[in-house]
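Visitor: Have a look at this one before I ask anything.
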Amino acid sequence: MPMPTYKLLINGKTYPVEADPKMPLLWAIRELAGLTGTKYGCGIAQCGACTVHLNGNPIRSCSIPASAVAGQPITTIEGISPDNSHPVQKAWIAEQVPQCGYCQSGQIMSAVALLKRNPHPTDKDIDLAMQGNVCRCGTYLRIRKAIKSAAQQTTNTLSTIH
Amino acid sequence: MSIRQQSRRGFIRQSGLTGIALTIGAYFPVLGKGTVEIIHTATADSLGINLLAWISIDQSGKVTILNHRSEMGQGSYQVVPQMIAEELEVNLDQVNIQFAPGDQKKYGSQITGGSSTVRGSYKHLLRIGATAREMLIGAAIQQWNVPREECYAENGQVIHRPSGKKLSYGDLVQEAAKATPPKDIPLKARKDYKLVGKSLQRQDTPLKTNGTAIFGLDKKLPGMLYAVVERNPRFIGKVKSFDDAATKAVPGVRQVFKIQRAVFANLQEGVAVVADSLWAALQGRKVLKVEWDDEGFEHLDTDQLFARMREDLNKPGLSDRTAGNFEGAFQTADKKVEAVYELPYESHASMEPLNCIAHVRDNSIEIWGPIQGPDWIQADLSERMGVPMENVSVNMTFLGGGFGRKAFTDYPHEAALISKQIKAPVQVVWTREDDTTQGPFRPGAVYGCKGGLGKNGNIVAFQTRTATQNMNHQSAGVNHNSYNADTLDGLLKPYFESIPNYSFADIPTVSPIPVMWWRSVYASTNGFAYESFMDELAHAAGKDPLDFRRAHLGEDRYQALIDRLEAISGWKSRSKNEGWGVAITECFNSLVGEIVKVSHKPDGKIKIDKVIALMDCGWYVNPDIIRAQVEGSIVMALGAAIKHETHFKDGKAVEKNFDTYNMPRINDIPEIEVHIMDNDEKAGGVGEPGLPPLSPALCNAIFDLTGKRIRKLPFNLDEV
């Protein structure tokens, strides 16, 4: 039985993948497109390690079939910026957020999406946007600080431009 | 500094070992003696000497340090080079760090456990750096024909002070490499440190913010197949039969067979599904039918297990830790206090589930994975698989968390057996459910505490009986009648001096549930009992909890900790509407005091406002990494106090994934403030000691606010 072929549009690049229609996007990204920055944590949308953007919105890639998002723009951690130049990545480094680092791709994807729709999140906004992302190392306080400093950074950049 | 993860062969090639380089390492000339000697690695190889760690400086001046400890978030990747570079007088950007492959002969113990990375090795890491620096200076003074006193090293150069002449390390390695490493080079005084003691940014951070860090699950070998394993949910039962017809019909599935893995003395069984892709293996396993033979052992429920432990508290238990006459002193005490504390079984729940790549050939084994104890795995696989040690290479990737679970040898063993069977490299992937339900778990524990107070309010009699599984009892051929002294971990040592009559005993719980180290090991449960009970005794004595501890902890180091804790928290000026609790524990040679503040929300429920932690780990390298580790320990402890536990029903773990094993999340976390003591004590552990004091400090704070004593974890904060 031949597998159907899909075109996945990840980080602006097209990946033709041949896969079982039920295969979650997570495995297509990791195993077929070979982008391993997106992580498997739970497989049931409870931990956020697999968070990617679909049309700019954060989704749990472990719980959506790859076939359902064929042709739609997907962004993974590799598409945020390879050289760590995104304000959220910079803030993550400045605040020394990661410990083991395994969950941090997902944390960053959630944070980037939050700041895009809400450039000045309150603590409550951060709680709501980030509580789907689990970190066993317990880096939460630094995540909160980094989001706030990235928000500040973005504001400063904007005020310099205008 | 740059970071690379690679194979042993790649390391040798790129570290310049085949070219001209100064390559030296440290070893213990006399086993058990504290002083290391430094020799050339070539000499070590020819003499068959086990090196603890080594560095190489090549002709370009590049320094390569082999990190012999795994990196699971605790920062060994940063602090090991930070220490060596300090004495070597190079900048961290001249340093290249690589994971050492598992090799007991070469590196000695590599187990990253017991918070040992710094405390176990800092003196020889400093000494390697200092010795290499002196050899390079030696080469320079020979060339210039000047006295040693006129020269110093800085930024990877030797400088002649009077003339200002300079030679770079790279230009000196050829000569330096010919010299014999000098002995007894004095180490720098703390005041002269340039790197040690500074919060330098971790060099692995950028790899973890752009998705390029390679964890076990990200590693691939050419021609690698994938396997998942259906393991017995009751741990020690056997495979009776299995039906793989549907599994084999899944496209991509190649083989299905029975497999074992050694969990201590038990060979636990499962059925492996091997496929071309992970997805195919997972799909194949879904339709696999396995029938288990679970006769001949208990199928326990949590309630039965804890009833047994509570019952066991009536037994005298095993003991060799007594002083005076506990019974007599307790009977005649002015006041008597008794309490029983309970803590549950826990899963480690690292964010990266277990996984391992194995490639077994005729007489060799290659392992890749997230591994805390590469040398232990090398020895274990060599013995179990009958392959010589030198033919077993264990390669570490980054670890997506470990917390004790990834120090264990079972998952590489299983991967090696699967690879041997299929004659190909294979990655064995554990699903979250596998990881959460298979253990080995942090053992649950029940503590029976009795304390008697004298007329002055001091403790005159103290007894604790601990009912918990003894982790050592799972191995073959161990004595089951010896006292488990680890049940004392967490308790501050001066109590043994100040309490005249005490008796500590343990009653080893018998159960088929596999158990294993969990961050801070026995102290993770002991600390709750000991430090909750100290608070109960302080309250019974009518004393302030900090003053009560002060009266019992006579040594200067402990008094200094209490004084500082009092000062940084504003203990004496606390407001009436808050509940404050304190707890102080000791593990892996570090003392940690924590103060938790709680208050009522408008709806009457309790909220945690703040945790103030004070870490005394003696000599230390990187304060920001210490703060991060203490923050993380507090979050993990908070999870175990108010969020999650593993139950058993009919012999199987109930919680399978994060929908029921409730991890602490960002909205659960209070403000945390971490302080570090500065003193001249030896380096203690950093990664674990921050965990034990949190739960007792929290429950003591709740008592302070509400008068309600919590003696069983976890509890629901909303229902107090």
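Here, A, B, ... name the chains of the structure tokens in the order displayed, residue numbers run from 1 inside each chain, and ligands are numbered from 1 in the same displayed order.
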Can you pull out every residue within 9 Å of range 208-223 of chain B, counting only C-alpha atoms, but drop anything in the same chain fewer than 3 positions away, and send it as an MDAnalysis selection string?

Guide: (chainID A and resid 30 35:40 76:84 89:90 92:93 98:102 104:105 108) or (chainID B and resid 5 204:205 352:357 359 368:371 396:400 424:427 429)

Visitor: Could you go through chain A and tell me which residues DSSP, when run on the backbone, assigns to alpha helix (DSSP H), listing them as a ChimeraX atom specification?

Guide: /A:25-27,87-94,104-117,123-130,140-161

Visitor: So that I can see what lies close to Ala339 in chain B, please list as a short mmCIF file (atom, residue, chain, number, x, y, z; two decimals) with C-alpha atoms, in the first residue's frame the residues with an atom at most 7 Å from it, counting only C-alpha atoms and leaving out residues fewer than 3 positions away in the same chain.

Guide:
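Once written, result_17.cif looks like this:
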data_model
loop_
_atom_site.label_atom_id
_atom_site.label_comp_id
_atom_site.auth_asym_id
_atom_site.auth_seq_id
_atom_site.Cartn_x
_atom_site.Cartn_y
_atom_site.Cartn_z
CA GLY B 448 7.29 7.54 62.94
CA CYS B 449 8.81 10.31 65.05
CA LYS B 450 8.85 10.63 68.83
#

Visitor: Would you tabulate, counting only C-alpha atoms, all residues of chain B that have an atom at most 8 Å from an atom of chain A, showing the closest pair of atoms and their distance in Å to one decimal, sorted by chain then ascending number, as a tab-separated table?

Guide:
residue	atom	partner	partner_atom	distance
B:Glu71	CA	A:Cys100	CA	7.3
B:Met72	CA	A:Cys100	CA	4.9
B:Gly73	CA	A:Cys100	CA	3.4
B:Gln74	CA	A:Gln99	CA	6.4
B:Gly75	CA	A:Gln99	CA	7.3
B:Gln201	CA	A:Gln96	CA	6.8
B:Arg202	CA	A:Gln96	CA	7.3
B:Thr205	CA	A:Ile93	CA	6.3
B:Pro206	CA	A:Ile93	CA	6.7
B:Lys208	CA	A:Gly101	CA	5.2
B:Thr209	CA	A:Gln89	CA	5.9
B:Asn210	CA	A:Pro82	CA	5.8
B:Gly211	CA	A:Gly37	CA	3.8
B:Thr212	CA	A:Gly37	CA	6.2
B:Ala213	CA	A:Gly37	CA	7.7
B:Phe215	CA	A:Tyr102	CA	7.7
B:Asp218	CA	A:Thr36	CA	5.8
B:Ser277	CA	A:Glu31	CA	8.0
B:Leu278	CA	A:Glu31	CA	8.0
B:Trp279	CA	A:Met23	CA	7.2
B:Ala349	CA	A:Arg136	CA	7.3
B:Ser350	CA	A:Arg136	CA	6.2
B:Met351	CA	A:Gly41	CA	5.8
B:Glu352	CA	A:Gly41	CA	6.2
B:Pro353	CA	A:Gly41	CA	6.9
B:Phe398	CA	A:Cys100	CA	7.6
B:Leu399	CA	A:Cys100	CA	6.4
B:Gly400	CA	A:Tyr102	CA	4.9
B:Gly401	CA	A:Cys100	CA	5.6
B:Thr431	CA	A:Cys42	CA	7.4
B:Arg432	CA	A:Cys42	CA	5.1
B:Glu433	CA	A:Cys42	CA	7.8
B:Ala628	CA	A:Thr139	CA	7.5
B:Glu631	CA	A:Gly138	CA	6.7
B:Gly632	CA	A:Gly138	CA	4.2
B:Ser633	CA	A:Gly138	CA	7.3
B:Ile634	CA	A:Gly138	CA	7.8
B:Val635	CA	A:Gly138	CA	5.2
B:Met636	CA	A:Gly138	CA	6.6
B:Asn657	CA	A:Cys42	CA	6.7
B:Phe658	CA	A:Gln46	CA	5.9
B:Asp659	CA	A:Gln46	CA	6.3
B:Met663	CA	A:Val134	CA	7.0
B:Pro664	CA	A:Val134	CA	7.4
B:Arg665	CA	A:Gln131	CA	5.6
B:Ile666	CA	A:Tyr140	CA	5.3
B:Asn667	CA	A:Asp127	CA	5.2
B:Ile669	CA	A:Tyr140	CA	7.3
B:Glu671	CA	A:Leu141	CA	7.5
B:Ile672	CA	A:Leu141	CA	7.9

Visitor: Write out, as a CSV table (one decimal), in the first residue's frame, the residues just selected, with N, CA and C atoms.

Guide:
chain,number,residue,atom,x,y,z
B,71,GLU,N,25.9,16.4,31.1
B,71,GLU,CA,25.2,17.7,31.2
B,71,GLU,C,23.7,17.5,31.1
B,72,MET,N,23.0,17.6,32.3
B,72,MET,CA,21.6,17.3,32.3
B,72,MET,C,20.8,18.6,32.7
B,73,GLY,N,21.5,19.7,32.7
B,73,GLY,CA,20.9,21.0,33.1
B,73,GLY,C,21.6,21.6,34.3
B,74,GLN,N,22.5,20.8,34.9
B,74,GLN,CA,23.0,21.3,36.2
B,74,GLN,C,24.3,22.1,36.0
B,75,GLY,N,24.8,22.2,34.7
B,75,GLY,CA,25.8,23.2,34.4
B,75,GLY,C,27.2,22.7,34.5
B,201,GLN,N,28.0,33.4,31.8
B,201,GLN,CA,26.9,32.8,31.1
B,201,GLN,C,27.3,31.4,30.7
B,202,ARG,N,26.3,30.5,30.7
B,202,ARG,CA,26.6,29.1,30.3
B,202,ARG,C,26.8,29.0,28.8
B,205,THR,N,24.0,27.5,26.5
B,205,THR,CA,22.7,28.1,26.4
B,205,THR,C,22.3,28.4,24.9
B,206,PRO,N,23.2,29.0,24.1
B,206,PRO,CA,22.8,29.3,22.7
B,206,PRO,C,22.3,28.0,21.9
B,208,LYS,N,20.6,25.7,23.2
B,208,LYS,CA,19.3,25.4,23.7
B,208,LYS,C,18.2,26.4,23.4
B,209,THR,N,18.6,27.5,22.7
B,209,THR,CA,17.6,28.5,22.4
B,209,THR,C,17.3,28.5,20.9
B,210,ASN,N,18.1,27.7,20.1
B,210,ASN,CA,17.8,27.7,18.7
B,210,ASN,C,17.6,26.3,18.1
B,211,GLY,N,17.4,25.3,19.0
B,211,GLY,CA,17.1,24.0,18.6
B,211,GLY,C,18.2,23.1,18.2
B,212,THR,N,19.5,23.6,18.3
B,212,THR,CA,20.6,22.8,17.8
B,212,THR,C,21.2,21.8,18.8
B,213,ALA,N,20.9,22.0,20.1
B,213,ALA,CA,21.5,21.0,21.1
B,213,ALA,C,21.0,19.6,20.7
B,215,PHE,N,20.1,16.1,21.8
B,215,PHE,CA,19.7,15.2,22.9
B,215,PHE,C,19.7,13.8,22.4
B,218,ASP,N,17.5,13.0,19.5
B,218,ASP,CA,17.9,13.7,18.2
B,218,ASP,C,19.0,13.0,17.5
B,277,SER,N,10.9,3.0,11.0
B,277,SER,CA,10.7,4.3,11.5
B,277,SER,C,10.1,4.2,12.8
B,278,LEU,N,10.2,5.3,13.6
B,278,LEU,CA,9.6,5.4,14.9
B,278,LEU,C,8.1,5.3,14.8
B,279,TRP,N,7.5,6.0,13.9
B,279,TRP,CA,6.1,5.9,13.7
B,279,TRP,C,5.6,4.5,13.5
B,349,ALA,N,10.0,11.8,35.7
B,349,ALA,CA,9.4,12.7,34.7
B,349,ALA,C,10.3,13.7,34.1
B,350,SER,N,11.5,13.2,33.7
B,350,SER,CA,12.4,14.1,32.9
B,350,SER,C,11.6,14.5,31.7
B,351,MET,N,11.9,15.7,31.2
B,351,MET,CA,11.1,16.1,30.0
B,351,MET,C,11.5,15.3,28.7
B,352,GLU,N,12.8,14.8,28.7
B,352,GLU,CA,13.1,13.9,27.6
B,352,GLU,C,12.9,12.5,28.1
B,353,PRO,N,11.9,11.8,27.5
B,353,PRO,CA,11.7,10.4,28.0
B,353,PRO,C,13.0,9.6,27.7
B,398,PHE,N,23.5,15.5,25.1
B,398,PHE,CA,22.8,16.3,26.2
B,398,PHE,C,21.7,15.4,26.8
B,399,LEU,N,21.4,15.7,28.0
B,399,LEU,CA,20.3,15.0,28.7
B,399,LEU,C,19.2,15.9,28.9
B,400,GLY,N,18.0,15.5,28.4
B,400,GLY,CA,16.8,16.3,28.7
B,400,GLY,C,16.3,16.0,30.1
B,401,GLY,N,17.1,16.4,31.1
B,401,GLY,CA,16.7,16.0,32.5
B,401,GLY,C,17.2,14.6,32.8
B,431,THR,N,8.0,5.8,25.3
B,431,THR,CA,7.0,6.9,25.2
B,431,THR,C,6.9,7.5,26.6
B,432,ARG,N,6.2,8.7,26.7
B,432,ARG,CA,6.0,9.3,28.0
B,432,ARG,C,5.3,8.3,29.0
B,433,GLU,N,4.4,7.5,28.4
B,433,GLU,CA,3.7,6.5,29.3
B,433,GLU,C,4.7,5.5,29.8
B,628,ALA,N,20.1,29.0,39.9
B,628,ALA,CA,19.2,28.3,39.0
B,628,ALA,C,18.9,26.9,39.5
B,631,GLU,N,16.6,27.2,42.5
B,631,GLU,CA,15.2,27.5,42.0
B,631,GLU,C,14.6,26.3,41.5
B,632,GLY,N,15.3,25.5,40.6
B,632,GLY,CA,14.8,24.3,40.1
B,632,GLY,C,14.4,23.3,41.1
B,633,SER,N,15.3,23.1,42.1
B,633,SER,CA,15.0,22.2,43.2
B,633,SER,C,13.7,22.5,43.9
B,634,ILE,N,13.5,23.8,44.1
B,634,ILE,CA,12.3,24.3,44.8
B,634,ILE,C,11.1,24.0,44.0
B,635,VAL,N,11.2,24.2,42.7
B,635,VAL,CA,10.0,23.9,41.8
B,635,VAL,C,9.7,22.4,41.8
B,636,MET,N,10.7,21.6,41.8
B,636,MET,CA,10.5,20.2,41.7
B,636,MET,C,9.9,19.7,43.1
B,657,ASN,N,0.7,9.7,32.3
B,657,ASN,CA,1.1,10.8,31.5
B,657,ASN,C,0.8,12.1,32.3
B,658,PHE,N,1.1,13.3,31.7
B,658,PHE,CA,1.0,14.5,32.4
B,658,PHE,C,-0.5,15.0,32.5
B,659,ASP,N,-1.4,14.2,32.0
B,659,ASP,CA,-2.8,14.6,32.3
B,659,ASP,C,-3.2,14.2,33.7
B,663,MET,N,2.3,18.1,36.7
B,663,MET,CA,3.5,18.8,36.9
B,663,MET,C,3.3,20.2,37.4
B,664,PRO,N,4.1,20.8,38.2
B,664,PRO,CA,4.0,22.2,38.5
B,664,PRO,C,4.2,23.0,37.2
B,665,ARG,N,3.4,24.0,37.1
B,665,ARG,CA,3.4,24.9,35.9
B,665,ARG,C,3.7,26.3,36.3
B,666,ILE,N,3.9,27.2,35.3
B,666,ILE,CA,4.3,28.5,35.6
B,666,ILE,C,3.4,29.3,36.6
B,667,ASN,N,2.1,29.0,36.5
B,667,ASN,CA,1.2,29.7,37.4
B,667,ASN,C,1.2,29.1,38.8
B,669,ILE,N,4.1,28.8,40.6
B,669,ILE,CA,5.4,29.1,41.1
B,669,ILE,C,5.4,30.5,41.8
B,671,GLU,N,7.3,33.6,44.0
B,671,GLU,CA,8.6,34.3,43.9
B,671,GLU,C,9.7,33.5,44.7
B,672,ILE,N,10.9,33.4,44.1
B,672,ILE,CA,11.9,32.6,44.8
B,672,ILE,C,13.2,33.5,44.8

Visitor: Would you pick out the contacts of Val146 in chain B at 12 Å or less, using only C-alpha atoms, so that residues sharing its chain but fewer than 6 positions from it are not included, and give the list as a list of chain:residue names?

Guide: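 So the residues in contact are B:Ile137, B:Gly138, B:Ala139, B:Ala140, B:Tyr152, B:Ile159, B:His160, B:Arg161, B:Pro162, B:Ser163, B:Lys165.
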
Visitor: Can you write out the residues you just picked, keeping N, CA and C atoms, as an mmCIF file, in the first residue's frame?

Guide:
data_model
loop_
_atom_site.group_PDB
_atom_site.id
_atom_site.type_symbol
_atom_site.label_atom_id
_atom_site.label_comp_id
_atom_site.auth_asym_id
_atom_site.auth_seq_id
_atom_site.Cartn_x
_atom_site.Cartn_y
_atom_site.Cartn_z
ATOM 1 N N ILE B 137 54.884 27.980 31.336
ATOM 2 C CA ILE B 137 55.794 29.023 31.838
ATOM 3 C C ILE B 137 57.232 28.488 31.836
ATOM 4 N N GLY B 138 57.355 27.191 32.224
ATOM 5 C CA GLY B 138 58.679 26.551 32.243
ATOM 6 C C GLY B 138 59.332 26.571 30.865
ATOM 7 N N ALA B 139 58.550 26.311 29.838
ATOM 8 C CA ALA B 139 59.079 26.319 28.476
ATOM 9 C C ALA B 139 59.536 27.729 28.089
ATOM 10 N N ALA B 140 58.785 28.718 28.538
ATOM 11 C CA ALA B 140 59.119 30.106 28.201
ATOM 12 C C ALA B 140 60.406 30.553 28.900
ATOM 13 N N TYR B 152 54.827 35.575 34.291
ATOM 14 C CA TYR B 152 53.473 35.190 34.703
ATOM 15 C C TYR B 152 52.659 34.848 33.456
ATOM 16 N N ILE B 159 54.155 35.900 29.937
ATOM 17 C CA ILE B 159 54.678 37.261 29.804
ATOM 18 C C ILE B 159 55.895 37.421 30.715
ATOM 19 N N HIS B 160 56.953 38.007 30.155
ATOM 20 C CA HIS B 160 58.139 38.341 30.948
ATOM 21 C C HIS B 160 57.959 39.769 31.436
ATOM 22 N N ARG B 161 57.753 39.924 32.730
ATOM 23 C CA ARG B 161 57.339 41.219 33.280
ATOM 24 C C ARG B 161 58.351 42.335 32.979
ATOM 25 N N PRO B 162 59.661 42.143 33.237
ATOM 26 C CA PRO B 162 60.604 43.256 33.022
ATOM 27 C C PRO B 162 60.688 43.722 31.568
ATOM 28 N N SER B 163 60.687 42.773 30.621
ATOM 29 C CA SER B 163 60.896 43.175 29.228
ATOM 30 C C SER B 163 59.593 43.333 28.466
ATOM 31 N N LYS B 165 58.180 40.889 27.062
ATOM 32 C CA LYS B 165 58.164 39.846 26.026
ATOM 33 C C LYS B 165 57.005 38.894 26.274
#

Visitor: Report, in Å to a single decimal, how far apart CA of Leu453 in chain B and CA of Ala329 in chain B are.

Guide: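 About the pair CA of Ala329 in chain B and CA of Leu453 in chain B: they are 9.2 Å apart.
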
Visitor: Rounded to one decimal place, report the CA of Ala613 in chain B-CA of Tyr77 in chain B distance in Å.

Guide: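 Distance reported for this atom pair: 24.5 Å.
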
Visitor: Using only C-alpha atoms, which residues sit within 6 Å of Gly25 in chain B once same-chain residues fewer than 6 positions away are excluded, as a PyMOL selection string?

Guide: chain B and resi 38-39+41+51+53-54

Visitor: Restricting it to N, CA and C atoms, dump the selection as a short mmCIF file (atom, residue, chain, number, x, y, z; two decimals), in the first residue's frame.

Guide:
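Dumped to selection_39.cif:
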data_model
loop_
_atom_site.label_atom_id
_atom_site.label_comp_id
_atom_site.auth_asym_id
_atom_site.auth_seq_id
_atom_site.Cartn_x
_atom_site.Cartn_y
_atom_site.Cartn_z
N ILE B 38 49.72 14.61 38.40
CA ILE B 38 49.45 14.97 37.01
C ILE B 38 50.50 14.31 36.12
N ILE B 39 50.06 13.67 35.06
CA ILE B 39 51.02 13.07 34.13
C ILE B 39 50.55 13.27 32.69
N THR B 41 49.20 12.16 29.19
CA THR B 41 48.22 11.11 28.90
C THR B 41 48.89 9.90 28.25
N LEU B 51 42.86 7.97 34.40
CA LEU B 51 42.85 9.43 34.57
C LEU B 51 41.47 9.91 35.00
N ALA B 53 40.53 13.22 34.64
CA ALA B 53 40.13 14.24 33.67
C ALA B 53 41.38 14.67 32.96
N TRP B 54 41.25 15.21 31.79
CA TRP B 54 42.45 15.71 31.13
C TRP B 54 42.15 16.83 30.15
#

Visitor: Name the residues of range 4-155 of chain A that fall into strand (DSSP E) according to DSSP on the backbone, using the chain letters and numbers of this document, as a list of chain:residue names.

Guide: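 Taking range 4-155 of chain A and keeping strand (DSSP E) only, one gets A:Thr5, A:Tyr6, A:Lys7, A:Leu8, A:Leu9, A:Ile10, A:Lys13, A:Thr14, A:Tyr15, A:Pro16, A:Val17, A:Glu18, A:Thr51, A:Val52, A:His53, A:Leu54, A:Asn57, A:Pro58, A:Ile59, A:Arg60, A:Pro73, A:Ile74, A:Thr75.
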
Visitor: Please measure the separation of CA of Pro81 in chain B and CA of Val521 in chain B, giving the value in Å to one decimal.

Guide: 27.5 Å

Visitor: Determine the nearest neighbour of Asp171 in chain B from the options B:Gly61, B:Gly684, B:Pro186, B:Gly129, counting only C-alpha atoms.

Guide: B:Gly61
